[in-house]
$ cat entry.txt   # compact mmCIF, C-alpha atoms
# COMPACT_ATOMS: atom_id res chain seq x y z
CA MET V 1 -17.68 76.35 -196.99
CA SER V 2 -21.23 75.07 -197.34
CA ILE V 3 -21.51 71.71 -199.05
CA LEU V 4 -23.89 73.27 -201.56
CA ASP V 5 -21.14 75.66 -202.66
CA ASP V 6 -18.67 72.85 -203.23
CA SER V 7 -17.51 72.19 -206.79
CA HIS V 8 -18.74 68.58 -206.52
CA THR V 9 -22.32 69.81 -206.74
CA ALA V 10 -21.97 70.96 -210.34
CA PRO V 11 -24.80 69.71 -212.57
CA ILE V 12 -24.30 66.40 -214.33
CA PRO V 13 -24.54 66.65 -218.13
CA ILE V 14 -27.82 65.32 -219.49
CA VAL V 15 -27.33 62.81 -222.28
CA SER V 16 -29.92 62.92 -225.04
CA GLY V 17 -30.60 60.30 -227.66
CA SER V 18 -33.23 58.36 -229.51
CA ARG V 19 -35.40 55.88 -227.62
CA ARG V 20 -36.31 52.46 -228.95
CA TRP V 21 -39.70 51.02 -228.03
CA ARG V 22 -38.03 47.90 -226.64
CA ASP V 23 -36.18 50.15 -224.17
CA SER V 24 -39.38 51.78 -222.88
CA PHE V 25 -39.40 49.56 -219.78
CA LEU V 26 -35.66 49.03 -219.39
CA SER V 27 -35.69 49.94 -215.71
CA LEU V 28 -37.79 46.84 -214.99
CA SER V 29 -34.71 44.71 -215.73
CA HIS V 30 -33.68 45.53 -212.16
CA ARG V 31 -35.26 42.86 -209.96
CA ASN V 32 -35.86 45.07 -206.91
CA TYR V 33 -37.52 47.73 -209.04
CA ARG V 34 -39.69 45.14 -210.75
CA ARG V 35 -40.97 43.83 -207.40
CA PHE V 36 -41.41 47.38 -206.13
CA GLN V 37 -43.57 48.34 -209.11
CA LEU V 38 -45.67 45.19 -208.95
CA SER V 39 -46.65 46.01 -205.37
CA HIS V 40 -47.25 49.63 -206.37
CA LEU V 41 -49.62 48.66 -209.17
CA VAL V 42 -51.88 47.23 -206.47
CA LEU V 43 -51.19 50.21 -204.21
CA HIS V 44 -51.96 52.87 -206.82
CA THR V 45 -55.17 51.15 -207.87
CA ALA V 46 -56.24 51.06 -204.22
CA SER V 47 -54.97 54.61 -203.66
CA TRP V 48 -57.26 55.99 -206.37
CA MET V 49 -60.13 54.01 -204.88
CA PHE V 50 -59.34 55.56 -201.50
CA ARG V 51 -59.11 59.07 -202.94
CA ILE V 52 -62.48 58.83 -204.69
CA ALA V 53 -64.10 57.24 -201.62
CA VAL V 54 -62.85 59.85 -199.15
CA ASP V 55 -63.61 62.84 -201.40
CA TRP V 56 -67.11 61.57 -202.08
CA LEU V 57 -67.63 60.80 -198.39
CA ALA V 58 -66.71 64.39 -197.47
CA LEU V 59 -69.02 65.70 -200.19
CA GLU V 60 -71.92 63.58 -198.91
CA ILE V 61 -71.38 64.63 -195.29
CA THR V 62 -71.14 68.37 -195.95
CA GLY V 63 -72.72 68.96 -199.37
CA ASN V 64 -69.91 71.46 -200.14
CA ILE V 65 -67.20 71.09 -202.79
CA SER V 66 -64.94 73.25 -200.60
CA ALA V 67 -64.86 70.39 -198.08
CA VAL V 68 -63.07 68.28 -200.69
CA GLY V 69 -60.58 71.12 -201.21
CA LEU V 70 -60.13 71.37 -197.44
CA LEU V 71 -59.13 67.71 -197.29
CA VAL V 72 -56.56 68.21 -200.04
CA PHE V 73 -55.16 71.20 -198.14
CA ILE V 74 -54.99 69.39 -194.79
CA GLN V 75 -53.31 66.33 -196.27
CA TRP V 76 -50.58 68.22 -198.10
CA ALA V 77 -50.14 71.34 -195.94
CA PRO V 78 -47.53 69.69 -193.64
CA MET V 79 -45.24 69.36 -196.66
CA ILE V 80 -45.12 73.15 -197.01
CA VAL V 81 -43.58 73.63 -193.57
CA LEU V 82 -42.01 70.28 -192.74
CA GLY V 83 -40.84 69.09 -196.18
CA PRO V 84 -37.14 69.91 -195.58
CA TYR V 85 -37.23 68.12 -192.21
CA GLY V 86 -38.76 65.07 -193.87
CA ALA V 87 -35.88 65.11 -196.36
CA MET V 88 -33.46 65.36 -193.43
CA ILE V 89 -34.96 62.20 -191.92
CA ALA V 90 -34.87 60.47 -195.30
CA ASP V 91 -31.16 61.36 -195.56
CA ARG V 92 -30.43 60.18 -192.02
CA PHE V 93 -31.87 56.64 -192.05
CA PRO V 94 -31.87 53.68 -194.51
CA ARG V 95 -34.59 54.42 -197.09
CA ARG V 96 -35.75 50.82 -197.42
CA ILE V 97 -36.58 50.59 -193.72
CA THR V 98 -38.03 54.11 -193.66
CA VAL V 99 -40.41 53.41 -196.56
CA ALA V 100 -41.50 50.09 -195.00
CA ILE V 101 -42.31 51.83 -191.70
CA VAL V 102 -44.28 54.71 -193.23
CA TYR V 103 -46.48 52.36 -195.27
CA SER V 104 -47.17 50.32 -192.14
CA LEU V 105 -48.39 53.55 -190.54
CA PHE V 106 -50.56 54.32 -193.59
CA ALA V 107 -52.13 50.86 -193.28
CA LEU V 108 -52.90 51.44 -189.60
CA LEU V 109 -54.40 54.92 -190.07
CA THR V 110 -56.66 53.95 -192.95
CA ALA V 111 -57.76 50.77 -191.16
CA VAL V 112 -59.09 52.95 -188.32
CA LEU V 113 -60.94 55.19 -190.81
CA ALA V 114 -62.39 52.11 -192.51
CA LEU V 115 -63.71 50.78 -189.20
CA VAL V 116 -65.56 54.00 -188.25
CA THR V 117 -66.93 54.26 -191.80
CA LEU V 118 -68.21 50.67 -191.84
CA ALA V 119 -69.69 51.20 -188.37
CA GLY V 120 -71.70 54.13 -189.76
CA VAL V 121 -70.36 56.66 -187.25
CA VAL V 122 -67.88 58.50 -189.48
CA GLU V 123 -67.86 62.29 -189.28
CA LEU V 124 -65.89 64.93 -191.15
CA TRP V 125 -63.46 65.39 -188.27
CA HIS V 126 -62.47 61.71 -188.47
CA ILE V 127 -61.47 62.18 -192.12
CA ILE V 128 -59.64 65.42 -191.32
CA VAL V 129 -57.58 63.83 -188.53
CA VAL V 130 -56.58 60.88 -190.71
CA ALA V 131 -55.73 63.21 -193.63
CA PHE V 132 -53.56 65.37 -191.37
CA PHE V 133 -51.54 62.46 -189.98
CA MET V 134 -51.15 61.01 -193.46
CA GLY V 135 -49.81 64.41 -194.52
CA LEU V 136 -47.24 64.33 -191.72
CA ILE V 137 -46.09 60.90 -192.81
CA TYR V 138 -45.90 61.98 -196.46
CA THR V 139 -43.23 64.55 -195.56
CA ILE V 140 -40.94 61.58 -194.89
CA GLU V 141 -42.37 59.11 -197.41
CA VAL V 142 -41.94 61.24 -200.53
CA PRO V 143 -38.19 62.02 -200.32
CA ALA V 144 -37.42 58.55 -198.92
CA ARG V 145 -39.30 56.84 -201.77
CA VAL V 146 -37.68 59.06 -204.43
CA ILE V 147 -34.19 58.26 -203.16
CA LEU V 148 -35.05 54.55 -202.77
CA LEU V 149 -36.18 54.52 -206.40
CA SER V 150 -32.78 55.89 -207.48
CA GLU V 151 -31.10 53.19 -205.37
CA MET V 152 -32.93 50.40 -207.21
CA VAL V 153 -31.82 51.36 -210.74
CA SER V 154 -28.67 52.58 -212.46
CA ARG V 155 -28.33 56.29 -213.14
CA SER V 156 -28.68 55.69 -216.87
CA ASN V 157 -32.11 54.15 -216.22
CA LEU V 158 -33.33 56.79 -213.76
CA GLN V 159 -35.36 58.81 -216.28
CA ASN V 160 -36.96 55.59 -217.53
CA ALA V 161 -37.69 54.53 -213.94
CA ILE V 162 -39.51 57.83 -213.34
CA SER V 163 -41.60 57.27 -216.48
CA VAL V 164 -42.37 53.65 -215.55
CA TYR V 165 -43.40 54.76 -212.06
CA ALA V 166 -45.78 57.24 -213.69
CA ILE V 167 -47.15 54.51 -215.97
CA VAL V 168 -47.90 52.28 -212.99
CA PHE V 169 -49.41 55.18 -211.04
CA TRP V 170 -51.79 56.17 -213.84
CA LEU V 171 -52.62 52.57 -214.74
CA GLY V 172 -53.92 52.39 -211.19
CA GLY V 173 -55.66 55.67 -211.93
CA VAL V 174 -57.52 54.06 -214.82
CA ILE V 175 -58.65 51.03 -212.82
CA GLY V 176 -59.08 52.49 -209.33
CA PRO V 177 -61.73 55.20 -209.85
CA VAL V 178 -64.01 52.89 -211.83
CA MET V 179 -63.67 50.17 -209.20
CA SER V 180 -64.24 52.72 -206.45
CA GLY V 181 -67.42 54.01 -208.11
CA ILE V 182 -68.73 50.45 -208.38
CA ILE V 183 -67.82 49.53 -204.79
CA ILE V 184 -69.24 52.77 -203.35
CA THR V 185 -72.51 52.26 -205.21
CA ALA V 186 -72.79 48.57 -204.33
CA ALA V 187 -71.31 48.30 -200.83
CA GLY V 188 -70.39 51.76 -199.51
CA THR V 189 -67.21 53.81 -199.12
CA GLY V 190 -65.87 51.81 -196.18
CA TRP V 191 -64.85 48.81 -198.30
CA ALA V 192 -62.87 50.98 -200.73
CA ILE V 193 -60.89 52.25 -197.73
CA VAL V 194 -60.31 48.68 -196.52
CA VAL V 195 -58.73 47.76 -199.86
CA TYR V 196 -56.28 50.67 -199.58
CA SER V 197 -55.28 49.70 -196.05
CA ILE V 198 -54.46 46.16 -197.19
CA ALA V 199 -52.48 47.48 -200.18
CA CYS V 200 -50.35 49.70 -197.91
CA ALA V 201 -49.51 46.72 -195.71
CA SER V 202 -48.51 44.75 -198.81
CA VAL V 203 -46.10 47.50 -199.94
CA ALA V 204 -44.54 47.65 -196.47
CA VAL V 205 -43.77 43.92 -196.62
CA THR V 206 -42.47 44.06 -200.21
CA VAL V 207 -40.09 46.96 -199.51
CA ALA V 208 -38.80 45.34 -196.32
CA LEU V 209 -37.93 42.20 -198.31
CA LEU V 210 -36.03 43.93 -201.15
CA ARG V 211 -32.59 42.42 -201.89
CA VAL V 212 -30.16 44.72 -200.08
CA SER V 213 -27.19 43.35 -202.04
CA GLU V 214 -28.70 44.67 -205.30
CA LEU V 215 -29.41 48.20 -204.04
CA ARG V 216 -27.11 51.09 -204.97
CA VAL V 217 -27.41 52.58 -201.52
CA VAL V 218 -26.73 56.28 -201.07
CA PRO V 219 -24.96 56.41 -197.67
CA PRO V 220 -27.10 58.01 -194.92
CA ARG V 221 -25.92 61.49 -194.02
CA PRO V 222 -25.26 62.83 -190.51
CA PHE V 223 -27.94 64.85 -188.75
CA VAL V 224 -27.72 68.45 -190.00
CA ARG V 225 -30.17 71.29 -189.92
CA PRO V 226 -31.86 71.93 -193.30
CA GLN V 227 -29.86 74.51 -195.25
CA PHE V 228 -32.78 76.51 -196.62
CA VAL V 229 -30.86 79.50 -197.93
CA ALA V 230 -28.07 77.43 -199.46
CA THR V 231 -30.56 75.07 -201.12
CA LEU V 232 -32.52 78.00 -202.57
CA ARG V 233 -29.30 79.64 -203.79
CA TYR V 234 -28.21 76.44 -205.51
CA ALA V 235 -31.62 75.99 -207.18
CA ARG V 236 -31.67 79.64 -208.27
CA SER V 237 -28.24 79.31 -209.91
CA LYS V 238 -29.35 76.45 -212.20
CA PRO V 239 -31.86 77.49 -214.91
CA THR V 240 -32.89 73.87 -215.53
CA ILE V 241 -33.90 73.64 -211.86
CA PHE V 242 -35.21 77.14 -211.14
CA TRP V 243 -37.53 77.68 -214.11
CA PRO V 244 -39.21 74.24 -213.95
CA MET V 245 -39.67 74.76 -210.22
CA LEU V 246 -41.23 78.20 -210.68
CA LEU V 247 -43.47 76.90 -213.44
CA MET V 248 -44.51 73.98 -211.25
CA ALA V 249 -45.57 76.44 -208.54
CA PHE V 250 -48.27 77.86 -210.83
CA PHE V 251 -49.42 74.47 -212.08
CA ALA V 252 -49.48 72.92 -208.60
CA LEU V 253 -51.49 75.86 -207.30
CA PHE V 254 -54.14 75.96 -210.03
CA ALA V 255 -53.95 73.09 -212.55
CA LEU V 256 -52.98 69.91 -210.72
CA PRO V 257 -55.62 69.79 -207.95
CA PHE V 258 -58.53 70.06 -210.38
CA GLY V 259 -59.81 66.67 -209.19
CA VAL V 260 -61.56 68.88 -206.62
CA VAL V 261 -63.42 70.54 -209.49
CA LEU V 262 -64.28 67.18 -211.08
CA SER V 263 -66.33 66.26 -208.01
CA GLY V 264 -68.32 69.46 -208.60
CA MET V 265 -68.70 68.71 -212.31
CA ALA V 266 -70.14 65.31 -211.38
CA LYS V 267 -72.48 66.59 -208.68
CA VAL V 268 -73.57 70.01 -210.00
CA VAL V 269 -72.93 70.32 -213.76
CA TYR V 270 -73.61 66.84 -215.17
CA GLU V 271 -75.43 65.36 -212.13
CA SER V 272 -73.77 61.96 -212.67
CA GLY V 273 -73.07 61.03 -209.04
CA ALA V 274 -70.19 58.98 -207.64
CA SER V 275 -70.02 56.77 -210.74
CA GLY V 276 -69.64 59.87 -212.95
CA PHE V 277 -66.94 61.23 -210.64
CA GLY V 278 -65.10 57.93 -211.00
CA LEU V 279 -65.56 57.98 -214.80
CA TYR V 280 -64.20 61.53 -215.17
CA THR V 281 -61.18 60.68 -213.02
CA SER V 282 -60.61 57.52 -215.05
CA MET V 283 -60.67 59.47 -218.33
CA LEU V 284 -58.04 61.80 -216.93
CA ALA V 285 -56.04 58.73 -215.92
CA VAL V 286 -56.42 57.11 -219.36
CA GLY V 287 -54.79 60.15 -220.94
CA ALA V 288 -52.12 60.26 -218.24
CA LEU V 289 -51.34 56.59 -218.75
CA ALA V 290 -50.85 57.20 -222.48
CA GLY V 291 -48.69 60.22 -221.62
CA ALA V 292 -46.58 58.14 -219.25
CA VAL V 293 -45.91 55.58 -221.99
CA MET V 294 -45.10 58.36 -224.47
CA SER V 295 -42.77 60.02 -221.95
CA THR V 296 -40.44 57.03 -222.23
CA ARG V 297 -39.90 58.13 -225.84
CA VAL V 298 -38.90 61.74 -225.09
CA ARG V 299 -35.66 62.21 -227.01
CA ALA V 300 -34.17 64.98 -224.91
CA LEU V 301 -34.63 66.65 -221.56
CA ARG V 302 -34.60 70.35 -222.27
CA LEU V 303 -36.20 73.38 -220.69
CA ARG V 304 -38.14 74.15 -223.85
CA THR V 305 -39.67 70.64 -223.76
CA VAL V 306 -41.02 71.39 -220.30
CA ILE V 307 -42.42 74.76 -221.42
CA VAL V 308 -44.21 73.37 -224.49
CA ALA V 309 -45.72 70.44 -222.57
CA ALA V 310 -46.91 72.82 -219.85
CA ALA V 311 -48.53 75.19 -222.34
CA VAL V 312 -50.44 72.49 -224.22
CA PHE V 313 -51.57 70.89 -220.95
CA ALA V 314 -52.95 74.23 -219.76
CA ILE V 315 -54.79 74.81 -223.06
CA LEU V 316 -56.47 71.40 -222.91
CA GLN V 317 -57.50 71.87 -219.30
CA PHE V 318 -59.01 75.25 -220.12
CA SER V 319 -60.88 73.57 -222.99
CA ALA V 320 -62.32 70.96 -220.60
CA GLY V 321 -64.09 73.74 -218.73
CA LEU V 322 -65.17 75.50 -221.91
CA VAL V 323 -66.95 72.63 -223.71
CA GLY V 324 -70.62 71.95 -223.00
CA SER V 325 -71.00 68.39 -224.28
CA VAL V 326 -70.25 65.47 -221.95
CA LEU V 327 -68.54 63.62 -224.81
CA PHE V 328 -66.21 66.51 -225.62
CA PHE V 329 -65.61 66.99 -221.90
CA LEU V 330 -64.38 63.39 -221.64
CA VAL V 331 -62.15 63.83 -224.71
CA ALA V 332 -60.67 67.02 -223.24
CA LEU V 333 -59.98 65.18 -219.97
CA VAL V 334 -58.08 62.47 -221.82
CA GLY V 335 -55.99 65.10 -223.64
CA ALA V 336 -55.32 67.05 -220.46
CA GLY V 337 -54.26 63.88 -218.67
CA LEU V 338 -51.86 62.96 -221.48
CA LEU V 339 -50.08 66.31 -221.56
CA ARG V 340 -50.16 66.64 -217.78
CA LEU V 341 -48.17 63.45 -217.43
CA ILE V 342 -45.63 64.31 -220.12
CA TYR V 343 -45.16 67.70 -218.45
CA GLU V 344 -44.75 66.22 -214.95
CA VAL V 345 -42.29 63.52 -216.02
CA VAL V 346 -40.00 65.74 -218.10
CA SER V 347 -40.05 68.46 -215.44
CA ASP V 348 -39.28 66.01 -212.63
CA ALA V 349 -36.53 64.24 -214.58
CA LEU V 350 -34.92 67.50 -215.72
CA VAL V 351 -34.74 68.79 -212.14
CA GLN V 352 -33.36 65.54 -210.74
CA LEU V 353 -30.76 65.04 -213.46
CA SER V 354 -29.64 68.67 -213.36
CA CYS V 355 -28.17 68.35 -209.88
CA ASN V 356 -25.44 66.22 -208.42
CA PRO V 357 -26.56 63.24 -206.26
CA ILE V 358 -24.96 64.82 -203.21
CA VAL V 359 -27.65 67.53 -203.17
CA ARG V 360 -30.43 65.61 -204.93
CA GLY V 361 -32.32 64.84 -201.71
CA ARG V 362 -32.54 68.52 -200.77
CA ILE V 363 -33.46 69.69 -204.26
CA VAL V 364 -36.09 66.95 -204.57
CA SER V 365 -37.49 67.95 -201.18
CA LEU V 366 -37.71 71.58 -202.31
CA TYR V 367 -39.35 70.57 -205.60
CA VAL V 368 -41.80 68.26 -203.83
CA SER V 369 -42.63 71.01 -201.33
CA VAL V 370 -43.57 73.25 -204.26
CA PHE V 371 -45.44 70.40 -205.97
CA VAL V 372 -47.57 69.23 -203.05
CA GLY V 373 -47.64 72.50 -201.13
CA GLY V 374 -49.09 74.25 -204.15
CA GLN V 375 -51.70 71.53 -204.51
CA ALA V 376 -52.59 71.87 -200.84
CA LEU V 377 -53.36 75.56 -201.25
CA GLY V 378 -54.78 75.04 -204.74
CA GLY V 379 -57.27 72.41 -203.61
CA LEU V 380 -58.64 74.87 -201.08
CA ILE V 381 -58.76 77.71 -203.63
CA LEU V 382 -60.43 75.65 -206.35
CA GLY V 383 -62.97 74.31 -203.87
CA VAL V 384 -63.98 77.85 -202.88
CA LEU V 385 -64.02 78.99 -206.53
CA SER V 386 -66.22 76.03 -207.47
CA ASP V 387 -68.74 76.91 -204.76
CA THR V 388 -68.76 80.64 -205.55
CA LEU V 389 -68.27 80.84 -209.34
CA GLY V 390 -69.34 77.34 -210.32
CA PRO V 391 -67.24 74.25 -211.21
CA ARG V 392 -67.09 75.12 -214.93
CA THR V 393 -65.58 78.58 -214.34
CA ALA V 394 -63.18 77.17 -211.76
CA LEU V 395 -62.01 74.57 -214.28
CA MET V 396 -61.37 77.23 -216.91
CA LEU V 397 -59.37 79.30 -214.43
CA SER V 398 -57.35 76.23 -213.45
CA GLY V 399 -56.06 76.09 -217.02
CA GLY V 400 -56.03 79.77 -217.95
CA ILE V 401 -53.87 81.10 -215.09
CA PRO V 402 -51.03 78.55 -215.55
CA LEU V 403 -51.15 79.16 -219.31
CA ALA V 404 -50.53 82.88 -218.78
CA ALA V 405 -47.64 82.08 -216.41
CA THR V 406 -46.13 79.69 -218.96
CA VAL V 407 -46.17 82.34 -221.69
CA VAL V 408 -44.47 84.90 -219.43
CA ILE V 409 -41.78 82.42 -218.34
CA ALA V 410 -41.17 81.37 -221.96
CA VAL V 411 -40.59 84.99 -222.96
CA ILE V 412 -38.23 85.60 -220.02
CA VAL V 413 -36.22 82.45 -220.75
CA ALA V 414 -35.95 83.36 -224.44
CA ARG V 415 -34.75 86.88 -223.66
CA ARG V 416 -32.21 85.77 -221.06
CA SER V 417 -30.78 83.12 -223.37
CA GLY V 418 -30.55 85.55 -226.25
CA ALA V 419 -32.79 83.35 -228.38
CA ALA V 420 -36.12 83.62 -230.11
CA LEU V 421 -38.77 80.95 -229.63
CA THR V 422 -40.29 79.38 -232.73
CA PHE V 423 -42.70 76.47 -233.05
CA ARG V 424 -41.69 73.84 -235.58
CA PRO V 425 -43.11 70.37 -236.17
CA GLY V 426 -40.68 67.50 -235.91
CA ARG V 427 -40.02 64.12 -234.41
CA GLY V 428 -40.42 63.50 -230.70
CA PHE V 429 -41.66 66.21 -228.38
CA SER V 430 -39.10 68.95 -229.05
CA LEU V 431 -41.65 71.15 -230.78
CA LEU V 432 -40.24 74.45 -229.59
CA GLY V 433 -37.27 75.58 -231.58
CA VAL V 434 -34.65 78.05 -230.39
CA VAL V 435 -33.19 80.45 -232.91
CA THR V 436 -30.23 82.55 -231.84
CA ARG V 437 -30.74 86.26 -232.44
CA GLU V 438 -28.34 88.13 -234.62
CA PRO V 439 -26.53 90.95 -232.82
CA ASN V 440 -27.86 94.42 -233.55
$ encode --input "entry.txt" --output "structure tokens"
Amino acid sequence: MSILDDSHTAPIPIVSGSRRWRDSFLSLSHRNYRRFQLSHLVLHTASWMFRIAVDWLALEITGNISAVGLLVFIQWAPMIVLGPYGAMIADRFPRRITVAIVYSLFALLTAVLALVTLAGVVELWHIIVVAFFMGLIYTIEVPARVILLSEMVSRSNLQNAISVYAIVFWLGGVIGPVMSGIIITAAGTGWAIVVYSIACASVAVTVALLRVSELRVVPPRPFVRPQFVATLRYARSKPTIFWPMLLMAFFALFALPFGVVLSGMAKVVYESGASGFGLYTSMLAVGALAGAVMSTRVRALRLRTVIVAAAVFAILQFSAGLVGSVLFFLVALVGAGLLRLIYEVVSDALVQLSCNPIVRGRIVSLYVSVFVGGQALGGLILGVLSDTLGPRTALMLSGGIPLAATVVIAVIVARRSGAALTFRPGRGFSLLGVVTREPN
């Protein structure tokens, strides 16, 4: 019998309850997690600097927004094919050592790119090669980091740890793009890349020095071939895994990679240059940071919470492309960032907590493959749409298509559960009520 068919893989009940503000950062009471997040605050700030620098560098070299989309595709495409094998490696070896090694490799790769950039000899193919190898490494880094995170905190604090990780990520997103815009304008893109290389080396050292005695280590599993069919069958049998995963496919493909479109909005629509690109990204990050903080207050993890957050996020993103004023554009970006983060956190947490730990690595790998694989293809699509239809139209499509998918999925879920969907205001984020239908 396949391990995924075993009765031990039944979903773990999700406990709901009120959240106190003083518990919003409860996961940081774990010393290893606290040290991990401190190093990642530096990393995420530098990572956003790196992202802005590389995207703008590609745009300057080619003059085409599609080149930015191509980079997104090349970096994340390996996850589409090799994601399950990366999860297999993450399951096979100690995650602490694995994460330390992959960040050492990130530091080395980006140091090489920084050198050719500072020397003034950088070409597009240099960026493409580095992006591709980083994508290969990410197939191992993502599942290994996710499992390591769960090893640093108790299960009762896992949802909070996911929210805190998002807070740290988007706090870096607020600081990094602005700093990157300043550094690019004052000193050039090479120095922004140098900062990221140093930050990766710092994370590698921090993770290697975590206290092993305080980790809740998930024992490494023997080498086994990825069970694609069994993993898909398990995911399909659990509504709280399948529907969020299907919904994420639409959002990853169209909504999430719209940073590609922001570069076009800065260069073509508002003509604000690298500093404007950094500002727009920072406004998105400001909203996401607020959303990450608010996500610690979500009272319950339910499928309808995911659907409502997804719908409102899509509406706000569509609005960002519709407005003509720069001021309203910035406000729409903040709103889109806020709902994007709430949507991502509740979707991620619902999927993780709906499966038993024995299959969590495989389900997470499948979810991440959808998440980053969709963005890989979506970055390429949105880049082409921006060049052919214009950045504003591409931005509206990036919100409109996922919104339509959300409505269809909401109707299907309501019909299959024998319930009617009704909106009702109330406390928390459970805005979508479910009313059982009377039998005919």
$ closest_residue --input "entry.txt" --among "V:Tyr343, V:Tyr270, V:Trp243, V:Phe169" --to "Ala410 (chain V)" --atoms "all atoms listed in the file"
V:Trp243
$ closest_residue --input "entry.txt" --among "V:Ala58, V:Met294, V:Ala336, V:Ala100" --to "Val122 (chain V)" --atoms "all atoms listed in the file"
V:Ala58
$ closest_residue --input "entry.txt" --among "V:Arg236, V:Arg297, V:Arg392, V:Arg362" --to "Val146 (chain V)" --atoms "all atoms listed in the file"
V:Arg362
$ residues_around --input "entry.txt" --residues "Thr110 (chain V)" --least-positions-apart "3" --cutoff "6 Å" --atoms "only C-alpha atoms" --output "list in words"
Ala107, Leu113 and Ser197 of chain V
$ atom_distance --input "entry.txt" --atom1 "CA of Glu214 (chain V)" --atom2 "CA of Ala90 (chain V)"
19.7 Å
$ atom_distance --input "entry.txt" --atom1 "CA of Leu279 (chain V)" --atom2 "CA of Val178 (chain V)"
6.1 Å
$ closest_residue --input "entry.txt" --among "V:Met49, V:Leu232, V:Val116, V:Ala67" --to "Thr281 (chain V)" --atoms "all atoms listed in the file"
V:Met49
$ decode --input "entry.txt" --residues "region 63-75 of chain V" --atoms "N, CA, C and O atoms" --output "PDB file, in the first residue's frame"
ATOM      1  N   GLY V  63      15.768  47.130 -23.394  1.00  0.00           N
ATOM      2  CA  GLY V  63      14.703  48.091 -23.681  1.00  0.00           C
ATOM      3  C   GLY V  63      13.330  47.450 -23.780  1.00  0.00           C
ATOM      4  O   GLY V  63      12.354  48.127 -24.114  1.00  0.00           O
ATOM      5  N   ASN V  64      13.215  46.145 -23.464  1.00  0.00           N
ATOM      6  CA  ASN V  64      11.948  45.414 -23.585  1.00  0.00           C
ATOM      7  C   ASN V  64      11.473  44.925 -22.223  1.00  0.00           C
ATOM      8  O   ASN V  64      12.256  44.327 -21.461  1.00  0.00           O
ATOM      9  N   ILE V  65      10.194  45.149 -21.916  1.00  0.00           N
ATOM     10  CA  ILE V  65       9.619  44.650 -20.671  1.00  0.00           C
ATOM     11  C   ILE V  65       9.584  43.122 -20.673  1.00  0.00           C
ATOM     12  O   ILE V  65       9.718  42.476 -19.637  1.00  0.00           O
ATOM     13  N   SER V  66       9.451  42.526 -21.853  1.00  0.00           N
ATOM     14  CA  SER V  66       9.406  41.061 -21.946  1.00  0.00           C
ATOM     15  C   SER V  66      10.700  40.424 -21.464  1.00  0.00           C
ATOM     16  O   SER V  66      10.700  39.264 -21.041  1.00  0.00           O
ATOM     17  N   ALA V  67      11.816  41.164 -21.496  1.00  0.00           N
ATOM     18  CA  ALA V  67      13.079  40.637 -20.986  1.00  0.00           C
ATOM     19  C   ALA V  67      12.995  40.413 -19.483  1.00  0.00           C
ATOM     20  O   ALA V  67      13.571  39.454 -18.947  1.00  0.00           O
ATOM     21  N   VAL V  68      12.276  41.301 -18.786  1.00  0.00           N
ATOM     22  CA  VAL V  68      12.069  41.129 -17.351  1.00  0.00           C
ATOM     23  C   VAL V  68      11.231  39.875 -17.092  1.00  0.00           C
ATOM     24  O   VAL V  68      11.525  39.073 -16.202  1.00  0.00           O
ATOM     25  N   GLY V  69      10.182  39.690 -17.896  1.00  0.00           N
ATOM     26  CA  GLY V  69       9.363  38.491 -17.780  1.00  0.00           C
ATOM     27  C   GLY V  69      10.152  37.233 -18.084  1.00  0.00           C
ATOM     28  O   GLY V  69       9.959  36.194 -17.458  1.00  0.00           O
ATOM     29  N   LEU V  70      11.077  37.327 -19.049  1.00  0.00           N
ATOM     30  CA  LEU V  70      11.917  36.177 -19.389  1.00  0.00           C
ATOM     31  C   LEU V  70      12.780  35.766 -18.200  1.00  0.00           C
ATOM     32  O   LEU V  70      12.955  34.569 -17.929  1.00  0.00           O
ATOM     33  N   LEU V  71      13.308  36.744 -17.482  1.00  0.00           N
ATOM     34  CA  LEU V  71      14.124  36.431 -16.309  1.00  0.00           C
ATOM     35  C   LEU V  71      13.306  35.724 -15.237  1.00  0.00           C
ATOM     36  O   LEU V  71      13.778  34.774 -14.600  1.00  0.00           O
ATOM     37  N   VAL V  72      12.080  36.203 -15.020  1.00  0.00           N
ATOM     38  CA  VAL V  72      11.202  35.555 -14.043  1.00  0.00           C
ATOM     39  C   VAL V  72      10.956  34.102 -14.451  1.00  0.00           C
ATOM     40  O   VAL V  72      11.021  33.183 -13.633  1.00  0.00           O
ATOM     41  N   PHE V  73      10.696  33.902 -15.742  1.00  0.00           N
ATOM     42  CA  PHE V  73      10.441  32.545 -16.246  1.00  0.00           C
ATOM     43  C   PHE V  73      11.658  31.649 -16.057  1.00  0.00           C
ATOM     44  O   PHE V  73      11.551  30.520 -15.563  1.00  0.00           O
ATOM     45  N   ILE V  74      12.828  32.129 -16.433  1.00  0.00           N
ATOM     46  CA  ILE V  74      14.041  31.311 -16.362  1.00  0.00           C
ATOM     47  C   ILE V  74      14.381  30.952 -14.921  1.00  0.00           C
ATOM     48  O   ILE V  74      14.805  29.830 -14.626  1.00  0.00           O
ATOM     49  N   GLN V  75      14.164  31.901 -14.002  1.00  0.00           N
ATOM     50  CA  GLN V  75      14.506  31.635 -12.608  1.00  0.00           C
ATOM     51  C   GLN V  75      13.595  30.601 -11.973  1.00  0.00           C
ATOM     52  O   GLN V  75      14.042  29.787 -11.170  1.00  0.00           O
TER      53      GLN V  75
END
